[in-house]
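Okay, final-v1.cif is below, mmCIF, C-alpha atoms:
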data_work
loop_
_atom_site.label_atom_id
_atom_site.label_comp_id
_atom_site.auth_asym_id
_atom_site.auth_seq_id
_atom_site.Cartn_x
_atom_site.Cartn_y
_atom_site.Cartn_z
CA MET A 80 -6.19 -86.98 -4.92
CA THR A 81 -2.83 -87.96 -6.39
CA SER A 82 0.41 -86.49 -5.06
CA GLU A 83 1.08 -84.97 -8.50
CA ILE A 84 -2.17 -82.99 -8.39
CA VAL A 85 -1.38 -81.84 -4.85
CA GLU A 86 2.11 -80.72 -5.89
CA ASN A 87 0.71 -78.84 -8.89
CA GLN A 88 -1.81 -77.05 -6.66
CA VAL A 89 0.96 -76.10 -4.23
CA ASP A 90 3.09 -74.78 -7.09
CA ASP A 91 0.15 -72.81 -8.50
CA SER A 92 -0.55 -71.31 -5.08
CA SER A 93 3.12 -70.40 -4.59
CA GLN A 94 3.32 -68.75 -7.99
CA LEU A 95 0.15 -66.76 -7.39
CA ILE A 96 1.39 -65.53 -4.01
CA ALA A 97 4.80 -64.65 -5.49
CA GLN A 98 3.23 -62.68 -8.35
CA THR A 99 0.93 -60.82 -5.96
CA VAL A 100 3.88 -59.84 -3.77
CA ARG A 101 5.99 -58.92 -6.80
CA ASP A 102 3.29 -56.54 -8.05
CA PHE A 103 2.78 -55.04 -4.58
CA ALA A 104 6.50 -54.50 -4.06
CA ALA A 105 6.86 -52.75 -7.41
CA ARG A 106 4.04 -50.32 -6.56
CA GLN A 107 4.27 -49.80 -2.81
CA ILE A 108 7.90 -50.44 -1.86
CA LEU A 109 10.32 -49.85 -4.74
CA PRO A 110 9.61 -46.09 -5.09
CA PHE A 111 10.47 -45.53 -1.41
CA VAL A 112 13.44 -47.86 -0.82
CA ARG A 113 16.13 -45.18 -0.78
CA GLU A 114 14.07 -42.72 1.24
CA TRP A 115 13.24 -45.29 3.92
CA ASP A 116 16.82 -46.52 4.02
CA GLU A 117 18.37 -43.08 4.50
CA SER A 118 15.86 -41.94 7.13
CA GLN A 119 15.60 -45.34 8.87
CA HIS A 120 11.83 -45.04 8.52
CA PHE A 121 9.87 -48.12 9.53
CA PRO A 122 6.79 -48.06 7.26
CA ILE A 123 4.05 -49.39 9.53
CA GLU A 124 1.38 -48.53 6.97
CA THR A 125 3.13 -50.72 4.42
CA MET A 126 3.16 -53.53 6.98
CA ARG A 127 -0.58 -53.07 7.47
CA GLN A 128 -1.03 -53.34 3.69
CA LEU A 129 0.87 -56.62 3.81
CA GLY A 130 -1.62 -57.68 6.46
CA GLU A 131 -4.51 -56.80 4.16
CA LEU A 132 -2.93 -59.04 1.51
CA GLY A 133 -2.87 -61.88 4.02
CA LEU A 134 0.91 -61.94 4.30
CA LEU A 135 1.20 -61.20 8.02
CA GLY A 136 -0.78 -64.28 8.90
CA ILE A 137 0.31 -66.44 6.02
CA LEU A 138 0.91 -69.48 8.28
CA VAL A 139 -2.06 -68.80 10.58
CA PRO A 140 -5.15 -71.01 10.09
CA GLU A 141 -8.22 -69.36 8.62
CA GLU A 142 -10.16 -69.88 11.87
CA TYR A 143 -7.87 -67.27 13.45
CA GLY A 144 -8.07 -64.84 10.53
CA GLY A 145 -4.97 -66.07 8.71
CA SER A 146 -4.34 -67.28 5.18
CA GLY A 147 -3.81 -70.90 6.19
CA LEU A 148 -0.94 -71.42 3.77
CA GLY A 149 2.38 -73.22 4.14
CA TYR A 150 6.07 -72.53 4.27
CA ARG A 151 6.51 -72.88 0.50
CA GLU A 152 4.18 -69.94 -0.09
CA TYR A 153 5.75 -68.10 2.83
CA VAL A 154 9.26 -68.50 1.42
CA GLY A 155 8.12 -67.27 -1.99
CA ALA A 156 6.59 -64.14 -0.47
CA ILE A 157 9.72 -63.26 1.53
CA VAL A 158 11.93 -63.82 -1.52
CA GLU A 159 9.91 -61.37 -3.60
CA LEU A 160 9.96 -58.71 -0.88
CA ALA A 161 13.69 -59.12 -0.25
CA LYS A 162 14.50 -58.79 -3.95
CA VAL A 163 13.18 -55.24 -3.67
CA ASP A 164 13.97 -54.34 -0.04
CA GLY A 165 15.48 -56.74 2.48
CA SER A 166 14.20 -54.54 5.32
CA ILE A 167 10.58 -55.24 4.53
CA GLY A 168 11.31 -58.91 4.01
CA LEU A 169 12.99 -59.01 7.41
CA SER A 170 10.07 -57.32 9.16
CA MET A 171 7.57 -59.67 7.55
CA ALA A 172 9.72 -62.66 8.51
CA ALA A 173 10.13 -61.59 12.15
CA HIS A 174 6.43 -60.82 12.54
CA ASN A 175 5.36 -64.18 11.09
CA SER A 176 7.93 -66.73 12.13
CA LEU A 177 8.81 -65.41 15.57
CA CYS A 178 6.03 -63.59 17.44
CA THR A 179 2.98 -64.86 15.56
CA ASN A 180 4.28 -68.39 15.14
CA HIS A 181 5.21 -68.66 18.84
CA ILE A 182 1.66 -67.84 19.86
CA LEU A 183 0.28 -70.16 17.17
CA LEU A 184 2.41 -73.12 18.26
CA PHE A 185 2.39 -72.70 22.03
CA GLY A 186 -0.54 -70.47 22.93
CA ASN A 187 -3.72 -71.82 24.49
CA PRO A 188 -7.04 -71.38 22.65
CA ALA A 189 -7.86 -68.13 24.46
CA GLN A 190 -4.44 -66.63 23.69
CA LYS A 191 -4.69 -67.64 20.03
CA GLN A 192 -8.19 -66.17 19.72
CA LEU A 193 -7.08 -62.92 21.35
CA TYR A 194 -3.85 -62.26 19.50
CA LEU A 195 -3.68 -64.13 16.20
CA PRO A 196 -6.49 -62.28 14.36
CA LYS A 197 -4.92 -58.91 15.20
CA LEU A 198 -1.45 -60.07 14.16
CA ALA A 199 -2.68 -61.77 10.98
CA SER A 200 -4.59 -58.69 9.82
CA GLY A 201 -1.70 -56.30 10.43
CA GLU A 202 -3.72 -54.36 13.00
CA TRP A 203 -0.97 -55.29 15.45
CA ILE A 204 2.74 -55.72 14.70
CA GLY A 205 4.58 -58.42 16.63
CA ALA A 206 7.99 -58.55 18.31
CA TRP A 207 9.94 -61.45 19.83
CA GLY A 208 12.51 -61.05 22.59
CA LEU A 209 15.25 -63.58 23.33
CA THR A 210 18.58 -61.76 22.76
CA GLU A 211 20.06 -59.59 25.52
CA PRO A 212 23.01 -57.18 25.68
CA ASN A 213 25.16 -59.68 27.58
CA THR A 214 23.79 -62.89 26.05
CA GLY A 215 23.51 -63.52 22.35
CA SER A 216 23.78 -67.26 21.82
CA ASP A 217 24.32 -67.81 25.58
CA ALA A 218 20.59 -67.70 26.30
CA GLY A 219 20.84 -69.91 29.37
CA ASN A 220 22.58 -67.05 31.15
CA MET A 221 19.96 -64.38 30.40
CA ARG A 222 19.45 -61.64 32.95
CA THR A 223 15.85 -60.74 32.18
CA VAL A 224 14.00 -62.49 34.98
CA ALA A 225 10.37 -63.21 35.76
CA VAL A 226 9.48 -63.76 39.41
CA ARG A 227 6.17 -65.28 40.44
CA ASP A 228 4.01 -63.20 42.75
CA GLY A 229 0.76 -65.00 43.42
CA GLU A 230 -1.24 -65.09 40.19
CA ASN A 231 1.12 -62.60 38.56
CA TRP A 232 4.68 -62.45 37.24
CA VAL A 233 7.03 -59.49 37.62
CA LEU A 234 9.53 -58.97 34.77
CA ASN A 235 12.78 -57.05 35.07
CA GLY A 236 15.57 -56.73 32.53
CA SER A 237 16.13 -55.80 28.90
CA LYS A 238 16.25 -57.30 25.43
CA ASN A 239 18.20 -55.88 22.52
CA PHE A 240 18.42 -56.23 18.74
CA ILE A 241 14.65 -56.80 18.71
CA THR A 242 12.80 -56.31 15.43
CA HIS A 243 9.89 -53.93 16.16
CA GLY A 244 11.18 -53.44 19.72
CA LYS A 245 9.65 -49.94 19.91
CA SER A 246 6.73 -50.13 17.48
CA GLY A 247 5.46 -53.65 18.11
CA HIS A 248 2.02 -53.80 19.69
CA VAL A 249 2.66 -57.13 21.38
CA ALA A 250 5.81 -59.10 22.18
CA VAL A 251 6.62 -62.66 23.06
CA VAL A 252 9.34 -62.39 25.70
CA ILE A 253 11.57 -65.17 27.00
CA ALA A 254 12.55 -64.56 30.64
CA ARG A 255 14.58 -66.59 33.08
CA THR A 256 12.46 -68.25 35.74
CA GLY A 257 15.16 -70.51 37.20
CA GLU A 258 18.82 -70.38 38.10
CA PRO A 259 21.36 -69.32 35.42
CA ASN A 260 22.73 -72.06 33.17
CA THR A 261 20.36 -74.75 34.41
CA ALA A 262 17.95 -76.86 32.39
CA HIS A 263 14.43 -75.55 31.81
CA ASN A 264 15.20 -72.19 33.39
CA ALA A 265 13.23 -69.92 31.03
CA THR A 266 9.55 -69.24 30.34
CA ALA A 267 7.76 -67.42 27.51
CA PHE A 268 5.23 -64.64 28.10
CA VAL A 269 3.04 -62.43 25.93
CA VAL A 270 3.36 -58.77 26.88
CA GLU A 271 1.21 -56.05 25.33
CA ARG A 272 2.51 -52.57 24.58
CA GLY A 273 1.11 -50.18 27.16
CA THR A 274 1.60 -52.61 30.04
CA PRO A 275 3.12 -50.57 32.92
CA GLY A 276 6.84 -51.20 33.18
CA PHE A 277 7.23 -52.26 29.52
CA SER A 278 8.83 -49.73 27.18
CA GLY A 279 10.95 -49.41 24.07
CA GLY A 280 14.55 -48.34 24.46
CA LYS A 281 17.33 -47.36 22.08
CA LYS A 282 16.68 -47.76 18.38
CA GLU A 283 19.80 -49.10 16.66
CA ASP A 284 21.50 -47.08 13.90
CA LYS A 285 22.36 -49.95 11.57
CA LEU A 286 24.60 -50.62 8.60
CA GLY A 287 21.80 -52.21 6.60
CA MET A 288 18.16 -53.32 6.87
CA ARG A 289 17.56 -49.75 7.98
CA ALA A 290 13.84 -49.62 7.27
CA SER A 291 13.25 -52.55 9.62
CA GLU A 292 13.14 -51.25 13.16
CA THR A 293 15.65 -52.81 15.58
CA ALA A 294 15.46 -51.64 19.19
CA GLU A 295 15.68 -52.48 22.86
CA MET A 296 12.76 -53.65 24.98
CA LEU A 297 12.93 -52.64 28.64
CA PHE A 298 11.14 -54.19 31.62
CA GLN A 299 11.03 -52.50 35.00
CA ASP A 300 8.76 -54.13 37.57
CA CYS A 301 6.50 -55.09 34.68
CA ARG A 302 3.60 -57.02 36.21
CA ILE A 303 1.59 -59.40 34.05
CA PRO A 304 -1.00 -62.04 34.98
CA ASP A 305 -0.18 -65.74 34.74
CA SER A 306 -2.69 -65.93 31.87
CA GLN A 307 0.00 -64.26 29.72
CA ARG A 308 2.34 -67.22 30.14
CA LEU A 309 2.87 -69.33 26.99
CA GLY A 310 3.03 -73.03 27.77
CA GLU A 311 4.54 -74.52 30.88
CA VAL A 312 6.95 -72.83 33.27
CA GLY A 313 10.50 -73.71 32.21
CA ASP A 314 9.67 -74.52 28.59
CA GLY A 315 10.65 -71.12 27.15
CA PHE A 316 14.01 -72.07 25.72
CA VAL A 317 12.77 -75.40 24.34
CA GLN A 318 9.96 -73.49 22.63
CA SER A 319 12.45 -70.96 21.28
CA LEU A 320 14.57 -73.64 19.63
CA LYS A 321 11.50 -74.91 17.78
CA ILE A 322 10.58 -71.37 16.76
CA LEU A 323 14.10 -70.78 15.46
CA ASP A 324 13.85 -73.85 13.23
CA GLY A 325 11.15 -72.04 11.28
CA GLY A 326 12.84 -68.67 11.72
CA ARG A 327 15.97 -69.94 10.00
CA ILE A 328 13.91 -70.91 6.97
CA SER A 329 12.69 -67.31 6.96
CA ILE A 330 16.25 -65.96 7.00
CA ALA A 331 17.26 -68.41 4.28
CA ALA A 332 14.39 -67.03 2.19
CA LEU A 333 15.42 -63.48 3.02
CA SER A 334 18.99 -64.29 1.96
CA LEU A 335 17.78 -65.91 -1.24
CA GLY A 336 15.77 -62.82 -2.15
CA ILE A 337 18.72 -60.48 -1.52
CA ALA A 338 21.02 -62.74 -3.55
CA LEU A 339 18.56 -62.85 -6.43
CA GLY A 340 18.05 -59.09 -6.36
CA ALA A 341 21.79 -58.41 -6.45
CA TYR A 342 22.36 -61.02 -9.16
CA GLU A 343 19.54 -59.81 -11.40
CA HIS A 344 20.78 -56.22 -11.26
CA ALA A 345 24.35 -57.34 -11.98
CA LEU A 346 23.24 -59.53 -14.88
CA LYS A 347 21.27 -56.71 -16.48
CA TYR A 348 24.06 -54.20 -15.98
CA ALA A 349 26.70 -56.54 -17.38
CA GLN A 350 24.65 -56.97 -20.55
CA GLU A 351 24.18 -53.22 -20.98
CA ARG A 352 27.54 -51.80 -19.89
CA GLU A 353 30.05 -51.66 -22.75
CA GLN A 354 33.83 -51.50 -22.58
CA PHE A 355 36.27 -52.02 -25.43
CA GLY A 356 33.40 -52.22 -27.89
CA GLN A 357 31.33 -54.95 -26.27
CA ALA A 358 29.12 -55.67 -23.26
CA ILE A 359 31.20 -56.55 -20.21
CA ALA A 360 29.17 -59.76 -19.89
CA ARG A 361 31.13 -60.98 -22.94
CA PHE A 362 34.36 -60.93 -20.97
CA GLN A 363 35.11 -64.25 -19.33
CA ALA A 364 35.99 -62.63 -16.01
CA ILE A 365 32.47 -61.23 -15.70
CA ALA A 366 30.68 -64.15 -17.37
CA PHE A 367 32.24 -66.62 -14.94
CA LYS A 368 31.25 -64.48 -11.94
CA LEU A 369 27.66 -64.57 -13.17
CA ALA A 370 27.83 -68.31 -13.80
CA ASP A 371 29.09 -68.97 -10.28
CA LEU A 372 26.41 -66.76 -8.77
CA ALA A 373 23.63 -68.42 -10.77
CA THR A 374 24.83 -71.83 -9.61
CA THR A 375 25.18 -71.02 -5.92
CA ILE A 376 21.85 -69.17 -5.84
CA GLU A 377 20.14 -72.21 -7.36
CA ALA A 378 21.72 -74.42 -4.69
CA ALA A 379 20.54 -72.00 -1.97
CA LYS A 380 17.05 -72.11 -3.46
CA LEU A 381 16.97 -75.91 -3.37
CA LEU A 382 18.15 -76.03 0.26
CA THR A 383 15.60 -73.41 1.30
CA TYR A 384 12.64 -75.05 -0.38
CA GLN A 385 13.70 -78.47 0.89
CA ALA A 386 13.54 -77.12 4.44
CA ALA A 387 10.17 -75.47 3.71
CA ASP A 388 8.72 -78.71 2.35
CA LEU A 389 9.93 -80.69 5.36
CA LYS A 390 8.39 -78.10 7.67
CA ASP A 391 5.07 -78.31 5.81
CA ALA A 392 5.19 -82.11 6.07
CA GLY A 393 5.65 -81.89 9.84
CA LYS A 394 9.03 -83.60 9.71
CA PRO A 395 12.16 -82.70 11.73
CA VAL A 396 13.86 -79.72 10.13
CA THR A 397 16.54 -78.54 12.56
CA LYS A 398 19.49 -79.69 10.44
CA GLU A 399 17.96 -78.71 7.10
CA SER A 400 16.88 -75.24 8.27
CA ALA A 401 20.35 -74.60 9.69
CA MET A 402 21.96 -75.74 6.43
CA ALA A 403 19.64 -73.57 4.36
CA LYS A 404 20.20 -70.53 6.57
CA LEU A 405 23.98 -71.01 6.67
CA TYR A 406 24.42 -71.53 2.95
CA ALA A 407 21.88 -69.02 1.67
CA SER A 408 23.11 -66.23 3.97
CA GLU A 409 26.71 -66.65 2.84
CA VAL A 410 25.57 -66.82 -0.79
CA ALA A 411 23.73 -63.52 -0.27
CA VAL A 412 26.92 -61.87 0.99
CA LYS A 413 28.89 -63.26 -1.95
CA ALA A 414 26.25 -62.25 -4.51
CA ALA A 415 26.10 -58.69 -3.18
CA ASP A 416 29.88 -58.44 -3.10
CA GLU A 417 30.22 -59.64 -6.70
CA ALA A 418 27.38 -57.38 -7.84
CA VAL A 419 29.22 -54.33 -6.49
CA GLN A 420 32.38 -55.55 -8.23
CA ILE A 421 30.59 -55.97 -11.55
CA PHE A 422 29.15 -52.47 -11.29
CA GLY A 423 32.63 -51.14 -10.50
CA GLY A 424 32.72 -47.57 -9.20
CA TYR A 425 29.00 -47.17 -9.82
CA GLY A 426 28.33 -50.08 -7.49
CA TYR A 427 29.85 -48.08 -4.65
CA THR A 428 27.37 -45.23 -5.08
CA LYS A 429 23.80 -44.88 -3.84
CA ASP A 430 22.65 -44.07 -7.38
CA PHE A 431 22.58 -47.82 -8.03
CA PRO A 432 20.87 -50.45 -5.87
CA VAL A 433 23.65 -52.98 -5.33
CA GLU A 434 25.38 -51.11 -2.49
CA LYS A 435 22.22 -51.58 -0.43
CA TYR A 436 22.16 -55.32 -1.08
CA TYR A 437 25.80 -55.30 0.06
CA ARG A 438 24.86 -53.63 3.35
CA ASP A 439 21.70 -55.64 3.92
CA ALA A 440 23.14 -59.07 3.20
CA LYS A 441 25.54 -59.22 6.12
CA LEU A 442 22.79 -59.34 8.72
CA CYS A 443 21.62 -62.65 7.30
CA THR A 444 24.82 -64.32 8.51
CA ILE A 445 24.22 -62.97 12.05
CA GLY A 446 20.50 -62.81 12.87
CA GLU A 447 18.62 -65.83 14.29
CA GLY A 448 21.91 -67.61 14.91
CA THR A 449 25.26 -66.70 13.40
CA SER A 450 26.94 -68.82 10.74
CA GLU A 451 29.12 -70.20 13.51
CA ILE A 452 26.07 -71.31 15.50
CA GLN A 453 24.56 -72.93 12.38
CA ARG A 454 27.75 -74.93 11.93
CA LEU A 455 27.54 -75.95 15.59
CA VAL A 456 23.92 -77.11 15.17
CA ILE A 457 24.73 -79.03 11.98
CA SER A 458 27.88 -80.65 13.35
CA ARG A 459 26.14 -81.84 16.51
CA LEU A 460 23.42 -83.49 14.46
CA ILE A 461 25.69 -85.21 11.95
CA LEU A 462 28.08 -86.42 14.69
CA LYS A 463 25.41 -88.03 16.85
#
Rewrite the structure from the file as structure tokens, please.
Amino acid sequence: MTSEIVENQVDDSSQLIAQTVRDFAARQILPFVREWDESQHFPIETMRQLGELGLLGILVPEEYGGSGLGYREYVGAIVELAKVDGSIGLSMAAHNSLCTNHILLFGNPAQKQLYLPKLASGEWIGAWGLTEPNTGSDAGNMRTVAVRDGENWVLNGSKNFITHGKSGHVAVVIARTGEPNTAHNATAFVVERGTPGFSGGKKEDKLGMRASETAEMLFQDCRIPDSQRLGEVGDGFVQSLKILDGGRISIAALSLGIALGAYEHALKYAQEREQFGQAIARFQAIAFKLADLATTIEAAKLLTYQAADLKDAGKPVTKESAMAKLYASEVAVKAADEAVQIFGGYGYTKDFPVEKYYRDAKLCTIGEGTSEIQRLVISRLILK
């Protein structure tokens, strides 16, 4: 089979997935965006519907109940969700690229068979815990510890800013199993909701992404068998870095969707809104804003899909995923900002959608590694 035929099939698959998600979002998400945002309602039933569409196991092989697709299709799906509601795009991204993908990449056959079908179907929602109240990027100094006790481990500590921290049915948790700030001092575990000593804590009252649940996870003498350990003792942080490579592609896609949503609303409004006898899009000040946004969004798209294609090809992607995440997230903030400006006073009201893009976009420059951390990752790689 020629490479051209393969590429055409990939493009056809991506377009089909994107259209399916676009139709679903118009029916099942768009009518509820404002209601969910104002009440901070996490729509678990909508997540289960995404599972029924195959979107919660989009990267999971068919043998484990997944769709067996690649990152190009995955990116397209997140973009279409985020164009309508970044919150749902964020929840889909966290479920797939963090919890589910960690088990897929580092779980043993028994762990994969136990958890992946439930996660892929949407029967279970996944969470992933690395960040702590005292350690954001300083993961080597984490205070959540796991102590070996025979054939068991006992976890104590807390994680915060965790997507689905209260509602997730299963979590991949990174805990320190060595001394602080030493090499290979963390290990990954799978912990099921309902395990004694594992509970959800405070749910965050957020600026944006309000329909995606963000909460604490608490561990108090939480005892789990060694069979819940993912990979080797001490490999938790190394595993996490590999997971974050894919996670940053997810956030780049999320950013791209938010940027496109804001831009498309601004473009339509500028062509309809009249001042001084003509559409405001005819004024150079507005036309040039739209031109700049169209250009930077296209550049973000190219970076994001380049990273996705490298990931699908099994090639190193650390630099490219960091670049895509850095650039696309800052483009999303800029696009939302300019969209509010183009709408003027109306853009500052909840009667129009761009104020929500404005609130949602900022998280993309913070989650799964801040813009500053992305620049650190990129600079280290280019200065080797």
Around all listed atoms of range 255-272 of chain A, padded 6 Å per side, what centre and edge lengths does the axis-aligned box have in Å to one decimal, as lines of an AutoDock Vina configuration file?
center_x = 12.0
center_y = -64.7
center_z = 31.3
size_x = 33.5
size_y = 36.3
size_z = 25.5
- Message: I need every residue sitting at most 12 Å from the point (12.8, -73.5, 22.0) (coordinates as in the file, all atoms listed in the file considered), written as number ranges by chain.
- Response: A: 177, 181, 184-185, 209, 218-219, 253, 263-267, 309-310, 313-326, 397
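In this structure, CA of Leu195 in chain A sits 6.7 Å away from CA of Thr179 in chain A.
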- Query: So what does the PyMOL selection byres ((chain A and resi 111-115) around 12) actually pick up in this one, as a ChimeraX atom specification?
  - Reply: /A:104-110,116-123,125,160-167,287-292,429-436
Would you save the residues of that selection, restricted to C-alpha atoms, as a short mmCIF file (atom, residue, chain, number, x, y, z; two decimals), keeping the file's coordinate frame?
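So selection_26.cif came out as:
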data_model
loop_
_atom_site.label_atom_id
_atom_site.label_comp_id
_atom_site.auth_asym_id
_atom_site.auth_seq_id
_atom_site.Cartn_x
_atom_site.Cartn_y
_atom_site.Cartn_z
CA ALA A 104 6.50 -54.50 -4.06
CA ALA A 105 6.86 -52.75 -7.41
CA ARG A 106 4.04 -50.32 -6.56
CA GLN A 107 4.27 -49.80 -2.81
CA ILE A 108 7.90 -50.44 -1.86
CA LEU A 109 10.32 -49.85 -4.74
CA PRO A 110 9.61 -46.09 -5.09
CA ASP A 116 16.82 -46.52 4.02
CA GLU A 117 18.37 -43.08 4.50
CA SER A 118 15.86 -41.94 7.13
CA GLN A 119 15.60 -45.34 8.87
CA HIS A 120 11.83 -45.04 8.52
CA PHE A 121 9.87 -48.12 9.53
CA PRO A 122 6.79 -48.06 7.26
CA ILE A 123 4.05 -49.39 9.53
CA THR A 125 3.13 -50.72 4.42
CA LEU A 160 9.96 -58.71 -0.88
CA ALA A 161 13.69 -59.12 -0.25
CA LYS A 162 14.50 -58.79 -3.95
CA VAL A 163 13.18 -55.24 -3.67
CA ASP A 164 13.97 -54.34 -0.04
CA GLY A 165 15.48 -56.74 2.48
CA SER A 166 14.20 -54.54 5.32
CA ILE A 167 10.58 -55.24 4.53
CA GLY A 287 21.80 -52.21 6.60
CA MET A 288 18.16 -53.32 6.87
CA ARG A 289 17.56 -49.75 7.98
CA ALA A 290 13.84 -49.62 7.27
CA SER A 291 13.25 -52.55 9.62
CA GLU A 292 13.14 -51.25 13.16
CA LYS A 429 23.80 -44.88 -3.84
CA ASP A 430 22.65 -44.07 -7.38
CA PHE A 431 22.58 -47.82 -8.03
CA PRO A 432 20.87 -50.45 -5.87
CA VAL A 433 23.65 -52.98 -5.33
CA GLU A 434 25.38 -51.11 -2.49
CA LYS A 435 22.22 -51.58 -0.43
CA TYR A 436 22.16 -55.32 -1.08
#
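Residue selection for this entry, given the PyMOL selection byres ((chain A and resi 258) around 12), comprises A:Gly219, A:Asn220, A:Met221, A:Arg222, A:Thr223, A:Val224, A:Ala225, A:Val226, A:Ala254, A:Arg255, A:Thr256, A:Gly257, A:Pro259, A:Asn260, A:Thr261, A:Ala262, A:His263, A:Asn264, A:Ala265, A:Gly313.
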- Message: Within 12 Å of (21.4, -85.7, 14.0) (file coordinates; all atoms listed in the file), which protein or nucleic acid residues are there? I'd like them as a ChimeraX atom specification.
- Response: /A:395-399,401,455-463
- When you draw a straight line from CA of Val412 in chain A to CA of Gly446 in chain A, how long is it in Å?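 It comes out at 13.5 Å.
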- What gap, in Å, lies between CA of Arg308 in chain A and CA of Gly186 in chain A?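 These atoms are spaced 8.4 Å apart.
Within the file as shown, the PyMOL selection byres ((chain A and resi 153) around 10) identifies A:Ser93, A:Ile96, A:Ala97, A:Leu134, A:Leu135, A:Gly136, A:Ile137, A:Leu138, A:Leu148, A:Gly149, A:Tyr150, A:Arg151, A:Glu152, A:Val154, A:Gly155, A:Ala156, A:Ile157, A:Val158, A:Met171, A:Ala172, A:Asn175, A:Ser176, A:Ile328, A:Ser329, A:Ala332, A:Ala387.
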- Minimum-distance residue to Val410 in chain A, chosen among A:Lys347, A:His174, A:Lys441, A:Lys394 (using all atoms listed in the file):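 Among the listed residues, the smallest separation from Val410 in chain A belongs to A:Lys441.
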With N, CA, C and O atoms as the goal, would you fill in the gaps in range 120-133 of chain A and present it as a PDB file, keeping the file's coordinate frame?
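And here's part_4.pdb as it stands now:
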ATOM      1  N   HIS A 120      13.276 -45.076   8.285  1.00  0.00           N
ATOM      2  CA  HIS A 120      11.830 -45.040   8.520  1.00  0.00           C
ATOM      3  C   HIS A 120      11.247 -46.442   8.461  1.00  0.00           C
ATOM      4  O   HIS A 120      11.421 -47.149   7.469  1.00  0.00           O
ATOM      5  N   PHE A 121      10.566 -46.841   9.519  1.00  0.00           N
ATOM      6  CA  PHE A 121       9.870 -48.120   9.530  1.00  0.00           C
ATOM      7  C   PHE A 121       8.437 -47.885   9.048  1.00  0.00           C
ATOM      8  O   PHE A 121       7.633 -47.253   9.739  1.00  0.00           O
ATOM      9  N   PRO A 122       8.088 -48.379   7.857  1.00  0.00           N
ATOM     10  CA  PRO A 122       6.790 -48.060   7.260  1.00  0.00           C
ATOM     11  C   PRO A 122       5.664 -48.954   7.786  1.00  0.00           C
ATOM     12  O   PRO A 122       5.284 -49.951   7.167  1.00  0.00           O
ATOM     13  N   ILE A 123       5.100 -48.571   8.912  1.00  0.00           N
ATOM     14  CA  ILE A 123       4.050 -49.390   9.530  1.00  0.00           C
ATOM     15  C   ILE A 123       2.845 -49.518   8.610  1.00  0.00           C
ATOM     16  O   ILE A 123       2.214 -50.585   8.542  1.00  0.00           O
ATOM     17  N   GLU A 124       2.534 -48.457   7.861  1.00  0.00           N
ATOM     18  CA  GLU A 124       1.380 -48.530   6.970  1.00  0.00           C
ATOM     19  C   GLU A 124       1.597 -49.573   5.880  1.00  0.00           C
ATOM     20  O   GLU A 124       0.650 -50.258   5.454  1.00  0.00           O
ATOM     21  N   THR A 125       2.828 -49.693   5.412  1.00  0.00           N
ATOM     22  CA  THR A 125       3.130 -50.720   4.420  1.00  0.00           C
ATOM     23  C   THR A 125       2.960 -52.108   5.034  1.00  0.00           C
ATOM     24  O   THR A 125       2.463 -53.040   4.389  1.00  0.00           O
ATOM     25  N   MET A 126       3.364 -52.255   6.288  1.00  0.00           N
ATOM     26  CA  MET A 126       3.160 -53.530   6.980  1.00  0.00           C
ATOM     27  C   MET A 126       1.666 -53.838   7.081  1.00  0.00           C
ATOM     28  O   MET A 126       1.247 -54.995   6.883  1.00  0.00           O
ATOM     29  N   ARG A 127       0.870 -52.837   7.369  1.00  0.00           N
ATOM     30  CA  ARG A 127      -0.580 -53.070   7.470  1.00  0.00           C
ATOM     31  C   ARG A 127      -1.152 -53.493   6.109  1.00  0.00           C
ATOM     32  O   ARG A 127      -2.062 -54.325   6.040  1.00  0.00           O
ATOM     33  N   GLN A 128      -0.605 -52.927   5.037  1.00  0.00           N
ATOM     34  CA  GLN A 128      -1.030 -53.340   3.690  1.00  0.00           C
ATOM     35  C   GLN A 128      -0.655 -54.793   3.425  1.00  0.00           C
ATOM     36  O   GLN A 128      -1.416 -55.522   2.786  1.00  0.00           O
ATOM     37  N   LEU A 129       0.506 -55.207   3.921  1.00  0.00           N
ATOM     38  CA  LEU A 129       0.870 -56.620   3.810  1.00  0.00           C
ATOM     39  C   LEU A 129      -0.122 -57.483   4.567  1.00  0.00           C
ATOM     40  O   LEU A 129      -0.458 -58.590   4.131  1.00  0.00           O
ATOM     41  N   GLY A 130      -0.597 -56.967   5.701  1.00  0.00           N
ATOM     42  CA  GLY A 130      -1.620 -57.680   6.460  1.00  0.00           C
ATOM     43  C   GLY A 130      -2.910 -57.813   5.671  1.00  0.00           C
ATOM     44  O   GLY A 130      -3.555 -58.873   5.668  1.00  0.00           O
ATOM     45  N   GLU A 131      -3.285 -56.760   4.974  1.00  0.00           N
ATOM     46  CA  GLU A 131      -4.510 -56.800   4.160  1.00  0.00           C
ATOM     47  C   GLU A 131      -4.388 -57.812   3.030  1.00  0.00           C
ATOM     48  O   GLU A 131      -5.393 -58.396   2.603  1.00  0.00           O
ATOM     49  N   LEU A 132      -3.161 -58.038   2.559  1.00  0.00           N
ATOM     50  CA  LEU A 132      -2.930 -59.040   1.510  1.00  0.00           C
ATOM     51  C   LEU A 132      -2.889 -60.461   2.076  1.00  0.00           C
ATOM     52  O   LEU A 132      -2.805 -61.427   1.311  1.00  0.00           O
ATOM     53  N   GLY A 133      -2.924 -60.572   3.390  1.00  0.00           N
ATOM     54  CA  GLY A 133      -2.870 -61.880   4.020  1.00  0.00           C
ATOM     55  C   GLY A 133      -1.476 -62.379   4.306  1.00  0.00           C
ATOM     56  O   GLY A 133      -1.285 -63.545   4.669  1.00  0.00           O
TER      57      GLY A 133
END
